[in-house]
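A.B. asks: File name entry-v6.json; file contents JSON, C-alpha atoms; full text below.
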```
[["chain", "number", "residue", "atom", "x", "y", "z"],
["A", 371, "MET", "CA", -26.42, -24.91, 11.75],
["A", 372, "THR", "CA", -26.61, -21.97, 14.08],
["A", 373, "THR", "CA", -23.86, -19.49, 14.70],
["A", 374, "THR", "CA", -21.83, -19.69, 17.89],
["A", 375, "LEU", "CA", -19.61, -16.71, 17.18],
["A", 376, "SER", "CA", -18.31, -14.37, 19.83],
["A", 377, "PRO", "CA", -19.88, -10.91, 20.22],
["A", 378, "GLU", "CA", -16.34, -9.58, 19.87],
["A", 379, "ALA", "CA", -16.78, -10.00, 16.11],
["A", 380, "ALA", "CA", -18.53, -6.62, 16.16],
["A", 381, "TRP", "CA", -15.17, -4.91, 15.72],
["A", 382, "ILE", "CA", -14.85, -6.28, 12.16],
["A", 383, "PRO", "CA", -17.45, -3.97, 10.53],
["A", 384, "GLU", "CA", -16.33, -1.15, 12.83],
["A", 385, "LEU", "CA", -12.74, -1.54, 11.64],
["A", 386, "ARG", "CA", -13.84, -1.67, 8.01],
["A", 387, "ALA", "CA", -15.78, 1.57, 8.53],
["A", 388, "ALA", "CA", -12.88, 3.24, 10.33],
["A", 389, "LEU", "CA", -10.44, 2.31, 7.56],
["A", 390, "GLY", "CA", -12.96, 3.54, 4.99],
["A", 391, "GLU", "CA", -12.77, 7.01, 6.55],
["A", 392, "VAL", "CA", -9.10, 7.19, 5.49],
["A", 393, "ILE", "CA", -8.66, 4.73, 2.62],
["A", 394, "VAL", "CA", -10.83, 5.26, -0.44],
["A", 395, "GLY", "CA", -11.94, 2.02, -2.07],
["A", 396, "GLN", "CA", -9.44, -0.88, -1.89],
["A", 397, "HIS", "CA", -12.05, -3.11, -0.24],
["A", 398, "ASP", "CA", -10.27, -6.29, -1.40],
["A", 399, "LEU", "CA", -7.05, -5.02, 0.17],
["A", 400, "VAL", "CA", -8.76, -4.34, 3.50],
["A", 401, "ASP", "CA", -10.48, -7.75, 3.52],
["A", 402, "GLY", "CA", -7.19, -9.45, 2.66],
["A", 403, "LEU", "CA", -5.46, -7.73, 5.56],
["A", 404, "LEU", "CA", -8.26, -8.81, 7.89],
["A", 405, "LEU", "CA", -7.89, -12.42, 6.71],
["A", 406, "ALA", "CA", -4.18, -12.26, 7.48],
["A", 407, "LEU", "CA", -4.89, -10.86, 10.94],
["A", 408, "LEU", "CA", -7.37, -13.60, 11.75],
["A", 409, "THR", "CA", -5.16, -16.43, 10.51],
["A", 410, "GLY", "CA", -1.76, -15.18, 11.68],
["A", 411, "GLY", "CA", -0.36, -15.22, 8.15],
["A", 412, "HIS", "CA", 1.97, -12.74, 6.50],
["A", 413, "VAL", "CA", 1.13, -10.77, 3.37],
["A", 414, "LEU", "CA", 2.91, -9.86, 0.16],
["A", 415, "LEU", "CA", 1.46, -6.66, -1.35],
["A", 416, "GLU", "CA", 2.13, -5.99, -5.01],
["A", 417, "GLY", "CA", 1.20, -2.78, -6.77],
["A", 418, "VAL", "CA", 2.59, 0.35, -8.36],
["A", 419, "PRO", "CA", 3.65, 3.24, -6.09],
["A", 420, "GLY", "CA", 1.12, 5.66, -4.65],
["A", 421, "ILE", "CA", -1.95, 3.46, -4.29],
["A", 422, "ALA", "CA", -2.19, 3.39, -0.47],
["A", 423, "LYS", "CA", -0.29, 0.19, 0.36],
["A", 424, "SER", "CA", 1.69, 1.81, 3.17],
["A", 425, "LEU", "CA", -1.30, 3.90, 4.27],
["A", 426, "ALA", "CA", -3.45, 0.78, 4.58],
["A", 427, "VAL", "CA", -0.95, -0.96, 6.85],
["A", 428, "SER", "CA", -0.30, 2.04, 9.10],
["A", 429, "SER", "CA", -4.05, 2.73, 9.31],
["A", 430, "LEU", "CA", -4.71, -0.88, 10.29],
["A", 431, "ALA", "CA", -2.20, -0.53, 13.12],
["A", 432, "GLN", "CA", -3.89, 2.67, 14.32],
["A", 433, "GLY", "CA", -7.33, 1.07, 14.26],
["A", 434, "LEU", "CA", -6.11, -1.80, 16.42],
["A", 435, "ASP", "CA", -3.79, 0.16, 18.74],
["A", 436, "GLY", "CA", -0.87, -1.93, 17.52],
["A", 437, "GLU", "CA", 2.78, -0.97, 17.29],
["A", 438, "PHE", "CA", 3.77, -0.16, 13.71],
["A", 439, "ALA", "CA", 7.23, -0.13, 12.12],
["A", 440, "ARG", "CA", 8.14, 0.71, 8.53],
["A", 441, "LEU", "CA", 11.40, -0.40, 6.96],
["A", 442, "GLN", "CA", 12.52, 0.85, 3.56],
["A", 443, "PHE", "CA", 14.50, -2.03, 2.10],
["A", 444, "THR", "CA", 17.60, -0.97, 0.18],
["A", 445, "PRO", "CA", 20.62, -2.83, -1.27],
["A", 446, "ASP", "CA", 22.89, -1.63, 1.58],
["A", 447, "LEU", "CA", 20.57, -2.80, 4.39],
["A", 448, "LEU", "CA", 22.08, -5.23, 6.90],
["A", 449, "PRO", "CA", 20.32, -7.96, 8.93],
["A", 450, "SER", "CA", 21.23, -6.04, 12.11],
["A", 451, "ASP", "CA", 19.29, -3.03, 10.79],
["A", 452, "LEU", "CA", 16.24, -5.26, 10.91],
["A", 453, "VAL", "CA", 16.57, -7.48, 14.00],
["A", 454, "GLY", "CA", 18.92, -5.39, 16.15],
["A", 455, "SER", "CA", 22.49, -5.71, 17.41],
["A", 456, "GLU", "CA", 24.71, -5.80, 20.49],
["A", 457, "ILE", "CA", 26.00, -2.49, 21.86],
["A", 458, "TYR", "CA", 29.23, -2.36, 23.84],
["A", 459, "ASN", "CA", 29.26, -0.25, 27.00],
["A", 460, "ALA", "CA", 32.89, 0.82, 27.40],
["A", 461, "ALA", "CA", 32.37, 2.19, 30.92],
["A", 462, "GLU", "CA", 31.02, -1.12, 32.26],
["A", 463, "GLY", "CA", 32.80, -3.40, 29.82],
["A", 464, "THR", "CA", 29.56, -5.20, 28.95],
["A", 465, "PHE", "CA", 27.35, -5.78, 25.92],
["A", 466, "SER", "CA", 23.64, -5.03, 25.79],
["A", 467, "SER", "CA", 21.09, -5.96, 23.14],
["A", 468, "ARG", "CA", 19.40, -3.23, 21.12],
["A", 469, "LYS", "CA", 16.21, -4.48, 19.50],
["A", 470, "GLY", "CA", 15.54, -3.58, 15.89],
["A", 471, "PRO", "CA", 12.34, -2.32, 14.23],
["A", 472, "ILE", "CA", 11.09, -5.86, 13.67],
["A", 473, "PHE", "CA", 9.85, -5.84, 17.28],
["A", 474, "ALA", "CA", 6.42, -4.47, 16.37],
["A", 475, "ASN", "CA", 2.95, -5.89, 15.81],
["A", 476, "PHE", "CA", 2.80, -4.64, 12.23],
["A", 477, "VAL", "CA", 6.03, -4.54, 10.22],
["A", 478, "LEU", "CA", 5.89, -2.96, 6.77],
["A", 479, "ALA", "CA", 8.81, -4.24, 4.69],
["A", 480, "ASP", "CA", 8.70, -1.72, 1.87],
["A", 481, "GLU", "CA", 10.12, -2.96, -1.45],
["A", 482, "ILE", "CA", 11.40, -6.21, 0.00],
["A", 483, "ASN", "CA", 12.89, -7.23, -3.35],
["A", 484, "ARG", "CA", 15.43, -4.39, -3.12],
["A", 485, "ALA", "CA", 17.19, -5.92, -0.11],
["A", 486, "PRO", "CA", 19.98, -8.49, -0.51],
["A", 487, "ALA", "CA", 19.43, -12.16, 0.20],
["A", 488, "LYS", "CA", 20.83, -12.06, 3.77],
["A", 489, "VAL", "CA", 18.32, -9.42, 4.83],
["A", 490, "GLN", "CA", 15.45, -11.22, 3.12],
["A", 491, "SER", "CA", 16.46, -14.45, 4.87],
["A", 492, "ALA", "CA", 16.61, -12.71, 8.26],
["A", 493, "LEU", "CA", 13.09, -11.36, 7.76],
["A", 494, "LEU", "CA", 11.68, -14.65, 6.52],
["A", 495, "GLU", "CA", 13.26, -16.53, 9.44],
["A", 496, "ALA", "CA", 11.62, -14.12, 11.87],
["A", 497, "MET", "CA", 8.30, -14.61, 10.06],
["A", 498, "GLN", "CA", 8.56, -18.37, 10.41],
["A", 499, "GLU", "CA", 9.98, -18.67, 13.92],
["A", 500, "ARG", "CA", 8.42, -15.50, 15.40],
["A", 501, "GLN", "CA", 11.62, -14.97, 17.31],
["A", 502, "VAL", "CA", 15.08, -13.56, 16.58],
["A", 503, "SER", "CA", 18.55, -13.98, 18.05],
["A", 504, "ILE", "CA", 20.77, -11.03, 18.99],
["A", 505, "GLY", "CA", 24.26, -11.87, 20.19],
["A", 506, "GLY", "CA", 23.36, -15.42, 21.12],
["A", 507, "GLU", "CA", 20.24, -14.37, 23.08],
["A", 508, "THR", "CA", 16.79, -15.25, 21.73],
["A", 509, "PHE", "CA", 13.91, -12.79, 21.90],
["A", 510, "ASN", "CA", 10.26, -13.54, 21.15],
["A", 511, "LEU", "CA", 8.49, -11.16, 18.79],
["A", 512, "PRO", "CA", 5.22, -9.46, 19.83],
["A", 513, "SER", "CA", 1.91, -11.26, 19.46],
["A", 514, "PRO", "CA", 0.18, -10.80, 17.15],
["A", 515, "PHE", "CA", 3.04, -10.29, 14.71],
["A", 516, "LEU", "CA", 2.27, -9.51, 11.08],
["A", 517, "VAL", "CA", 4.74, -8.78, 8.27],
["A", 518, "LEU", "CA", 3.41, -6.97, 5.23],
["A", 519, "ALA", "CA", 5.99, -6.81, 2.46],
["A", 520, "THR", "CA", 5.53, -4.70, -0.64],
["A", 521, "GLN", "CA", 7.09, -5.01, -4.05],
["A", 522, "ASN", "CA", 6.81, -2.92, -7.19],
["A", 523, "PRO", "CA", 5.88, -5.04, -10.24],
["A", 524, "ILE", "CA", 7.24, -2.59, -12.83],
["A", 525, "GLU", "CA", 10.75, -1.75, -11.60],
["A", 526, "GLN", "CA", 12.91, -4.87, -11.52],
["A", 527, "GLU", "CA", 16.31, -3.35, -12.25],
["A", 528, "GLY", "CA", 18.63, -3.67, -9.26],
["A", 529, "THR", "CA", 16.26, -5.93, -7.33],
["A", 530, "TYR", "CA", 16.68, -9.34, -5.69],
["A", 531, "PRO", "CA", 13.53, -11.30, -6.60],
["A", 532, "LEU", "CA", 12.21, -13.61, -3.90],
["A", 533, "PRO", "CA", 12.62, -17.28, -4.88],
["A", 534, "GLU", "CA", 9.56, -19.53, -4.85],
["A", 535, "ALA", "CA", 10.58, -21.20, -1.56],
["A", 536, "GLN", "CA", 10.59, -17.81, 0.17],
["A", 537, "LEU", "CA", 7.39, -16.64, -1.51],
["A", 538, "ASP", "CA", 5.70, -19.69, -0.02],
["A", 539, "ARG", "CA", 6.30, -18.23, 3.46],
["A", 540, "PHE", "CA", 3.71, -15.54, 2.72],
["A", 541, "ALA", "CA", 0.20, -16.74, 3.44],
["A", 542, "LEU", "CA", -1.42, -14.30, 0.99],
["A", 543, "LYS", "CA", -0.44, -12.26, -2.02],
["A", 544, "LEU", "CA", -2.65, -9.22, -2.57],
["A", 545, "ILE", "CA", -2.66, -7.35, -5.88],
["A", 546, "VAL", "CA", -3.42, -3.66, -5.34],
["A", 547, "ASP", "CA", -4.75, -1.89, -8.43],
["A", 548, "TYR", "CA", -5.50, 1.70, -9.41],
["A", 549, "PRO", "CA", -8.72, 3.30, -8.07],
["A", 550, "ASN", "CA", -11.63, 3.87, -10.43],
["A", 551, "THR", "CA", -12.72, 7.34, -11.54],
["A", 552, "ALA", "CA", -15.19, 7.94, -8.70],
["A", 553, "GLU", "CA", -12.68, 6.75, -6.10],
["A", 554, "GLU", "CA", -9.93, 8.94, -7.51],
["A", 555, "LEU", "CA", -12.20, 11.99, -7.35],
["A", 556, "GLU", "CA", -12.89, 11.19, -3.70],
["A", 557, "ILE", "CA", -9.16, 10.82, -3.06],
["A", 558, "LEU", "CA", -8.68, 14.24, -4.60],
["A", 559, "ASP", "CA", -11.30, 15.78, -2.31],
["A", 560, "ARG", "CA", -9.83, 14.18, 0.82],
["A", 561, "MET", "CA", -6.10, 14.43, 0.24],
["A", 562, "ALA", "CA", -5.43, 17.48, -1.92],
["A", 563, "ARG", "CA", -4.85, 19.78, 1.04],
["A", 564, "THR", "CA", -1.92, 20.91, 3.16],
["A", 565, "GLY", "CA", -3.39, 19.99, 6.54],
["A", 566, "PRO", "CA", -2.44, 16.94, 8.60],
["A", 567, "ALA", "CA", -3.11, 13.53, 7.14],
["A", 568, "PRO", "CA", -6.31, 11.82, 8.37],
["A", 569, "THR", "CA", -5.94, 9.22, 11.09],
["A", 570, "VAL", "CA", -7.93, 6.11, 11.95],
["A", 571, "ARG", "CA", -9.86, 5.92, 15.19],
["A", 572, "GLN", "CA", -9.12, 2.93, 17.39],
["A", 573, "VAL", "CA", -11.89, 0.33, 17.36],
["A", 574, "ALA", "CA", -10.18, -2.76, 18.85],
["A", 575, "ARG", "CA", -7.03, -3.97, 20.58],
["A", 576, "MET", "CA", -4.49, -6.72, 20.09],
["A", 577, "ALA", "CA", -6.33, -8.89, 22.62],
["A", 578, "ASP", "CA", -9.41, -8.80, 20.36],
["A", 579, "ILE", "CA", -7.34, -10.26, 17.51],
["A", 580, "LEU", "CA", -6.08, -13.13, 19.64],
["A", 581, "ALA", "CA", -9.61, -13.86, 20.89],
["A", 582, "ALA", "CA", -10.95, -13.77, 17.33],
["A", 583, "ARG", "CA", -8.36, -16.33, 16.21],
["A", 584, "LYS", "CA", -9.68, -18.77, 18.80],
["A", 585, "GLN", "CA", -13.17, -18.23, 17.39],
["A", 586, "VAL", "CA", -11.94, -18.86, 13.84],
["A", 587, "ASP", "CA", -10.55, -22.21, 14.95],
["A", 588, "THR", "CA", -14.06, -23.31, 15.98],
["A", 589, "VAL", "CA", -15.49, -22.80, 12.48],
["A", 590, "THR", "CA", -16.43, -26.16, 10.96],
["A", 591, "ILE", "CA", -15.21, -27.47, 7.60],
["A", 592, "ASP", "CA", -17.20, -30.38, 6.18],
["A", 593, "PRO", "CA", -15.01, -33.38, 5.22],
["A", 594, "ARG", "CA", -16.17, -33.00, 1.60],
["A", 595, "LEU", "CA", -14.84, -29.43, 1.56],
["A", 596, "LYS", "CA", -11.54, -30.60, 3.05],
["A", 597, "ARG", "CA", -11.24, -33.04, 0.15],
["A", 598, "TYR", "CA", -12.10, -30.18, -2.24],
["A", 599, "ILE", "CA", -9.25, -28.08, -0.84],
["A", 600, "VAL", "CA", -6.83, -30.99, -1.21],
["A", 601, "ALA", "CA", -8.10, -31.65, -4.76],
["A", 602, "LEU", "CA", -7.42, -28.03, -5.77],
["A", 603, "VAL", "CA", -3.86, -28.21, -4.48],
["A", 604, "GLU", "CA", -3.19, -31.63, -5.99],
["A", 605, "ALA", "CA", -4.54, -30.45, -9.37],
["A", 606, "SER", "CA", -1.97, -27.63, -9.32],
["A", 607, "ARG", "CA", 0.82, -30.21, -8.98],
["A", 608, "ARG", "CA", -0.39, -33.01, -11.27],
["A", 609, "PRO", "CA", -3.18, -31.56, -13.41],
["A", 610, "ALA", "CA", -3.40, -34.46, -15.89],
["A", 611, "GLU", "CA", -3.86, -37.01, -13.10],
["A", 612, "ASN", "CA", -6.63, -34.86, -11.62],
["A", 613, "GLY", "CA", -8.79, -34.39, -14.72],
["A", 614, "LEU", "CA", -7.14, -31.22, -16.09],
["A", 615, "PRO", "CA", -4.83, -32.40, -18.89],
["A", 616, "GLU", "CA", -5.04, -28.99, -20.60],
["A", 617, "LEU", "CA", -2.98, -27.50, -17.76],
["A", 618, "GLU", "CA", -0.24, -30.13, -17.87],
["A", 619, "GLY", "CA", 2.01, -28.11, -20.19],
["A", 620, "LEU", "CA", 1.42, -24.77, -18.47],
["A", 621, "LEU", "CA", 2.50, -25.28, -14.85],
["A", 622, "MET", "CA", 6.10, -25.19, -13.65],
["A", 623, "ILE", "CA", 5.46, -25.50, -9.91],
["A", 624, "GLY", "CA", 2.31, -26.36, -8.01],
["A", 625, "ALA", "CA", 1.16, -25.36, -4.56],
["A", 626, "SER", "CA", 2.78, -26.70, -1.40],
["A", 627, "PRO", "CA", 1.15, -28.33, 1.65],
["A", 628, "ARG", "CA", 1.41, -24.89, 3.27],
["A", 629, "ALA", "CA", -1.14, -23.75, 0.67],
["A", 630, "THR", "CA", -3.54, -26.50, 1.77],
["A", 631, "ILE", "CA", -3.34, -25.33, 5.37],
["A", 632, "THR", "CA", -3.69, -21.66, 4.44],
["A", 633, "LEU", "CA", -6.71, -22.31, 2.21],
["A", 634, "ALA", "CA", -8.51, -23.99, 5.09],
["A", 635, "LEU", "CA", -7.56, -21.27, 7.58],
["A", 636, "CYS", "CA", -8.61, -18.43, 5.29],
["A", 637, "ALA", "CA", -11.88, -20.15, 4.38],
["A", 638, "ARG", "CA", -12.64, -20.46, 8.09],
["A", 639, "ALA", "CA", -11.74, -16.82, 8.69],
["A", 640, "ARG", "CA", -13.93, -15.62, 5.83],
["A", 641, "ALA", "CA", -16.87, -17.67, 7.11],
["A", 642, "TRP", "CA", -16.40, -16.16, 10.57],
["A", 643, "MET", "CA", -16.25, -12.65, 9.10],
["A", 644, "GLU", "CA", -19.52, -13.39, 7.29],
["A", 645, "GLY", "CA", -21.17, -14.42, 10.57],
["A", 646, "ARG", "CA", -21.16, -18.19, 10.01],
["A", 647, "ASP", "CA", -19.66, -21.01, 12.06],
["A", 648, "TYR", "CA", -19.28, -23.28, 9.02],
["A", 649, "VAL", "CA", -17.47, -23.03, 5.69],
["A", 650, "VAL", "CA", -19.24, -23.09, 2.33],
["A", 651, "PRO", "CA", -17.62, -23.65, -1.10],
["A", 652, "GLY", "CA", -17.87, -19.92, -1.81],
["A", 653, "ASP", "CA", -15.49, -19.21, 1.07],
["A", 654, "ILE", "CA", -12.81, -21.41, -0.48],
["A", 655, "LYS", "CA", -13.28, -19.91, -3.94],
["A", 656, "ALA", "CA", -13.19, -16.37, -2.53],
["A", 657, "VAL", "CA", -9.74, -16.85, -0.99],
["A", 658, "ALA", "CA", -8.20, -19.20, -3.57],
["A", 659, "HIS", "CA", -6.50, -16.53, -5.67],
["A", 660, "LEU", "CA", -5.05, -14.80, -2.61],
["A", 661, "VAL", "CA", -3.55, -18.06, -1.36],
["A", 662, "LEU", "CA", -2.46, -19.68, -4.63],
["A", 663, "ARG", "CA", -1.38, -16.92, -7.03],
["A", 664, "HIS", "CA", 2.19, -16.81, -5.70],
["A", 665, "ARG", "CA", 2.44, -20.57, -5.28],
["A", 666, "VAL", "CA", 1.24, -21.67, -8.72],
["A", 667, "VAL", "CA", 4.02, -20.79, -11.16],
["A", 668, "PRO", "CA", 3.38, -20.69, -14.93],
["A", 669, "ASN", "CA", 6.09, -22.21, -17.12],
["A", 670, "PHE", "CA", 7.72, -20.53, -20.10],
["A", 671, "GLU", "CA", 5.06, -21.78, -22.52],
["A", 672, "ALA", "CA", 2.30, -20.26, -20.40],
["A", 673, "GLU", "CA", 4.17, -16.97, -20.13],
["A", 674, "ALA", "CA", 4.68, -16.93, -23.91],
["A", 675, "GLU", "CA", 0.92, -17.29, -24.32],
["A", 676, "GLY", "CA", 0.30, -14.50, -21.82],
["A", 677, "ILE", "CA", -1.24, -16.83, -19.23],
["A", 678, "THR", "CA", -0.81, -15.52, -15.68],
["A", 679, "ALA", "CA", -0.86, -17.33, -12.35],
["A", 680, "ASP", "CA", -4.29, -15.84, -11.64],
["A", 681, "GLU", "CA", -5.62, -17.35, -14.87],
["A", 682, "LEU", "CA", -4.24, -20.74, -13.91],
["A", 683, "VAL", "CA", -5.93, -20.53, -10.50],
["A", 684, "THR", "CA", -9.21, -19.62, -12.25],
["A", 685, "ARG", "CA", -8.88, -22.69, -14.47],
["A", 686, "LEU", "CA", -8.24, -24.86, -11.42],
["A", 687, "LEU", "CA", -11.40, -23.53, -9.79],
["A", 688, "GLU", "CA", -13.38, -24.14, -12.98],
["A", 689, "GLY", "CA", -12.00, -27.65, -13.52],
["A", 690, "VAL", "CA", -12.06, -29.18, -10.03],
["A", 691, "PRO", "CA", -15.62, -30.33, -9.18],
["A", 692, "VAL", "CA", -17.28, -28.58, -6.23],
["A", 693, "PRO", "CA", -18.88, -30.97, -3.73]]
```
Using the file provided, produce a representation of the structure as structure tokens.

C.D. replies:
Amino acid sequence: MTTTLSPEAAWIPELRAALGEVIVGQHDLVDGLLLALLTGGHVLLEGVPGIAKSLAVSSLAQGLDGEFARLQFTPDLLPSDLVGSEIYNAAEGTFSSRKGPIFANFVLADEINRAPAKVQSALLEAMQERQVSIGGETFNLPSPFLVLATQNPIEQEGTYPLPEAQLDRFALKLIVDYPNTAEELEILDRMARTGPAPTVRQVARMADILAARKQVDTVTIDPRLKRYIVALVEASRRPAENGLPELEGLLMIGASPRATITLALCARARAWMEGRDYVVPGDIKAVAHLVLRHRVVPNFEAEAEGITADELVTRLLEGVPVP
């Protein structure tokens, strides 16, 4: 099959290069953010403080000339602090709507698990509906609209963990790890100075993202690969019935139909980023952990044995036959 991709795809390597001028390493993080952009999905970023999660999101917005908003989630945050509120004009005796910071292309919800349930619900509703209501009036959010929520895996005291049903609203979960020795030395050379922080040059616009999404939709998935995607998801729900009896006593919750859709979308996006107009099994395997790790929940027995969600996803990939 020959490629029929748009020439506009040239901005992908340019954006990677531009981000690389500011962010050292973290290639998996950058590729995950690009997948989210191309599929319209939201991202949950998990990692310890100080490893460039916020920098990556703000740099992505700069590279695409998008509007960026950062919200530090705290226990005293109110839904109106996020979506906006009505303001009363005493002189005219009227109310006017004041839009909140959620009206941006890129919204960084920093430490989302520190906000109470009402604020989390307001954010997740906006993510799903892509619109918010202020004083009975409905406002559409910008397009594209991407929420990137961060959480710290080591400080759980005083937090409000997201339940599984809300985690499922995030298309991808990206694990951000420490840099290696060479990368940390480069970070030291770039950042250990008192001058202004480096910025990312603009390489594309919001219109390029919307055009790219149309191209992603044209990428072909063979029916056998569609069945493979469904088989992976079904094996996470009923492993014994799908040839993986060894996982039967390790899974509490399997992946939802939303995972099936997201796997197909991300496989298409990865194929398009690789310059192909068709999906191969490697595309599905490459995105499986990003899509499934927050949807496949180990039970207490698995946790007692030290088995993580990522290990369960690996076993699914090893056990489900590839067409």

A.B. asks: Looking at all atoms listed in the file, which of A:Arg665, A:Ile591, A:Leu408, A:Leu620 is the one that sits closest to A:Arg608?

C.D. replies: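 So, comparing all the options, the nearest one is A:Leu620.
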
A.B. asks: Find the residues of stretch 529-634 of chain A that sit at most 8 Å from stretch 433-439 of chain A; for each, write down the nearest two atoms and how far apart they are in Å, to one decimal. Count all atoms listed in the file. Sort by chain, then by number going up, and give it as a tab-separated table.

C.D. replies:
```
residue	atom	partner	partner_atom	distance
A:Val570	CA	A:Gly433	CA	5.6
A:Arg571	CA	A:Gly433	CA	5.5
A:Gln572	CA	A:Gly433	CA	4.1
A:Val573	CA	A:Gly433	CA	5.6
A:Ala574	CA	A:Leu434	CA	4.8
A:Arg575	CA	A:Leu434	CA	4.8
A:Met576	CA	A:Leu434	CA	6.3
```

A.B. asks: Have a look at atom CA of A:Gln501 and atom CA of A:Pro471 and let me know their distance in Å, one decimal.

C.D. replies: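 Calculated distance between atom CA of A:Gln501 and atom CA of A:Pro471 is 13.0 Å.
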
A.B. asks: Can you tell me, as a list in words, what residues are no more than 12 Å from A:Glu391 when counting only C-alpha atoms, ignoring any on the same chain fewer than 5 positions away?

C.D. replies: Glu384, Leu385, Arg386, Ala426, Ser429, Leu430, Gly433, Glu556, Ile557, Arg560, Met561, Ala567, Pro568, Thr569, Val570 and Arg571 of chain A

A.B. asks: Write a file of the just-selected residues containing C-alpha atoms, as a PDB file, in the coordinates of the input.

C.D. replies:
```
ATOM      1  CA  GLU A 384     -16.330  -1.150  12.830  1.00  0.00           C
ATOM      2  CA  LEU A 385     -12.740  -1.540  11.640  1.00  0.00           C
ATOM      3  CA  ARG A 386     -13.840  -1.670   8.010  1.00  0.00           C
ATOM      4  CA  ALA A 426      -3.450   0.780   4.580  1.00  0.00           C
ATOM      5  CA  SER A 429      -4.050   2.730   9.310  1.00  0.00           C
ATOM      6  CA  LEU A 430      -4.710  -0.880  10.290  1.00  0.00           C
ATOM      7  CA  GLY A 433      -7.330   1.070  14.260  1.00  0.00           C
ATOM      8  CA  GLU A 556     -12.890  11.190  -3.700  1.00  0.00           C
ATOM      9  CA  ILE A 557      -9.160  10.820  -3.060  1.00  0.00           C
ATOM     10  CA  ARG A 560      -9.830  14.180   0.820  1.00  0.00           C
ATOM     11  CA  MET A 561      -6.100  14.430   0.240  1.00  0.00           C
ATOM     12  CA  ALA A 567      -3.110  13.530   7.140  1.00  0.00           C
ATOM     13  CA  PRO A 568      -6.310  11.820   8.370  1.00  0.00           C
ATOM     14  CA  THR A 569      -5.940   9.220  11.090  1.00  0.00           C
ATOM     15  CA  VAL A 570      -7.930   6.110  11.950  1.00  0.00           C
ATOM     16  CA  ARG A 571      -9.860   5.920  15.190  1.00  0.00           C
TER      17      ARG A 571
END
```

A.B. asks: So which residues touch A:Lys469 within 9 Å, counting all atoms listed in the file, skipping near sequence neighbours fewer than 5 positions away, as a ChimeraX atom specification?

C.D. replies: /A:452-456,504,509

A.B. asks: Under the rule that only C-alpha atoms are counted, which of A:Val589, A:Gly506, A:Ala461, A:Pro533 is the nearest residue to A:Gln490?

C.D. replies: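 Once distances to A:Gln490 are computed over only C-alpha atoms, the minimum belongs to A:Pro533.
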
A.B. asks: Neighbours of A:Thr444 within 12 Å (all atoms listed in the file; same-chain residues fewer than 4 positions away dropped), as number ranges by chain?

C.D. replies: A: 448-449, 451-452, 479-487, 489-490, 528-530

A.B. asks: Which is closer to A:Val661 than all the others in A:Arg468, A:Lys584, A:Lys543, A:His397, using only C-alpha atoms?

C.D. replies: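 Counting only C-alpha atoms, the residue closest to A:Val661 is A:Lys543.
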
A.B. asks: Which residues are close to stretch 411-420 of chain A, i.e. within 10 Å by all atoms listed in the file, leaving aside same-chain residues fewer than 6 positions away? Reply as an mmCIF file with C-alpha atoms, in the frame of the given file.

C.D. replies:
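The resulting selection03.cif:
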```cif
data_model
loop_
_atom_site.group_PDB
_atom_site.id
_atom_site.type_symbol
_atom_site.label_atom_id
_atom_site.label_comp_id
_atom_site.auth_asym_id
_atom_site.auth_seq_id
_atom_site.Cartn_x
_atom_site.Cartn_y
_atom_site.Cartn_z
ATOM 1 C CA LEU A 399 -7.050 -5.020 0.170
ATOM 2 C CA GLY A 402 -7.190 -9.450 2.660
ATOM 3 C CA LEU A 403 -5.460 -7.730 5.560
ATOM 4 C CA LEU A 405 -7.890 -12.420 6.710
ATOM 5 C CA PHE A 476 2.800 -4.640 12.230
ATOM 6 C CA VAL A 477 6.030 -4.540 10.220
ATOM 7 C CA LEU A 478 5.890 -2.960 6.770
ATOM 8 C CA ALA A 479 8.810 -4.240 4.690
ATOM 9 C CA ASP A 480 8.700 -1.720 1.870
ATOM 10 C CA GLU A 481 10.120 -2.960 -1.450
ATOM 11 C CA ILE A 482 11.400 -6.210 0.000
ATOM 12 C CA LEU A 494 11.680 -14.650 6.520
ATOM 13 C CA MET A 497 8.300 -14.610 10.060
ATOM 14 C CA GLN A 498 8.560 -18.370 10.410
ATOM 15 C CA PHE A 515 3.040 -10.290 14.710
ATOM 16 C CA LEU A 516 2.270 -9.510 11.080
ATOM 17 C CA VAL A 517 4.740 -8.780 8.270
ATOM 18 C CA LEU A 518 3.410 -6.970 5.230
ATOM 19 C CA ALA A 519 5.990 -6.810 2.460
ATOM 20 C CA THR A 520 5.530 -4.700 -0.640
ATOM 21 C CA GLN A 521 7.090 -5.010 -4.050
ATOM 22 C CA ASN A 522 6.810 -2.920 -7.190
ATOM 23 C CA PRO A 523 5.880 -5.040 -10.240
ATOM 24 C CA ILE A 524 7.240 -2.590 -12.830
ATOM 25 C CA GLU A 525 10.750 -1.750 -11.600
ATOM 26 C CA LEU A 537 7.390 -16.640 -1.510
ATOM 27 C CA ARG A 539 6.300 -18.230 3.460
ATOM 28 C CA PHE A 540 3.710 -15.540 2.720
ATOM 29 C CA ALA A 541 0.200 -16.740 3.440
ATOM 30 C CA LEU A 542 -1.420 -14.300 0.990
ATOM 31 C CA LYS A 543 -0.440 -12.260 -2.020
ATOM 32 C CA LEU A 544 -2.650 -9.220 -2.570
ATOM 33 C CA ILE A 545 -2.660 -7.350 -5.880
ATOM 34 C CA VAL A 546 -3.420 -3.660 -5.340
ATOM 35 C CA ASP A 547 -4.750 -1.890 -8.430
ATOM 36 C CA TYR A 548 -5.500 1.700 -9.410
ATOM 37 C CA THR A 632 -3.690 -21.660 4.440
ATOM 38 C CA LEU A 635 -7.560 -21.270 7.580
ATOM 39 C CA CYS A 636 -8.610 -18.430 5.290
ATOM 40 C CA LEU A 660 -5.050 -14.800 -2.610
ATOM 41 C CA VAL A 661 -3.550 -18.060 -1.360
ATOM 42 C CA HIS A 664 2.190 -16.810 -5.700
#
```
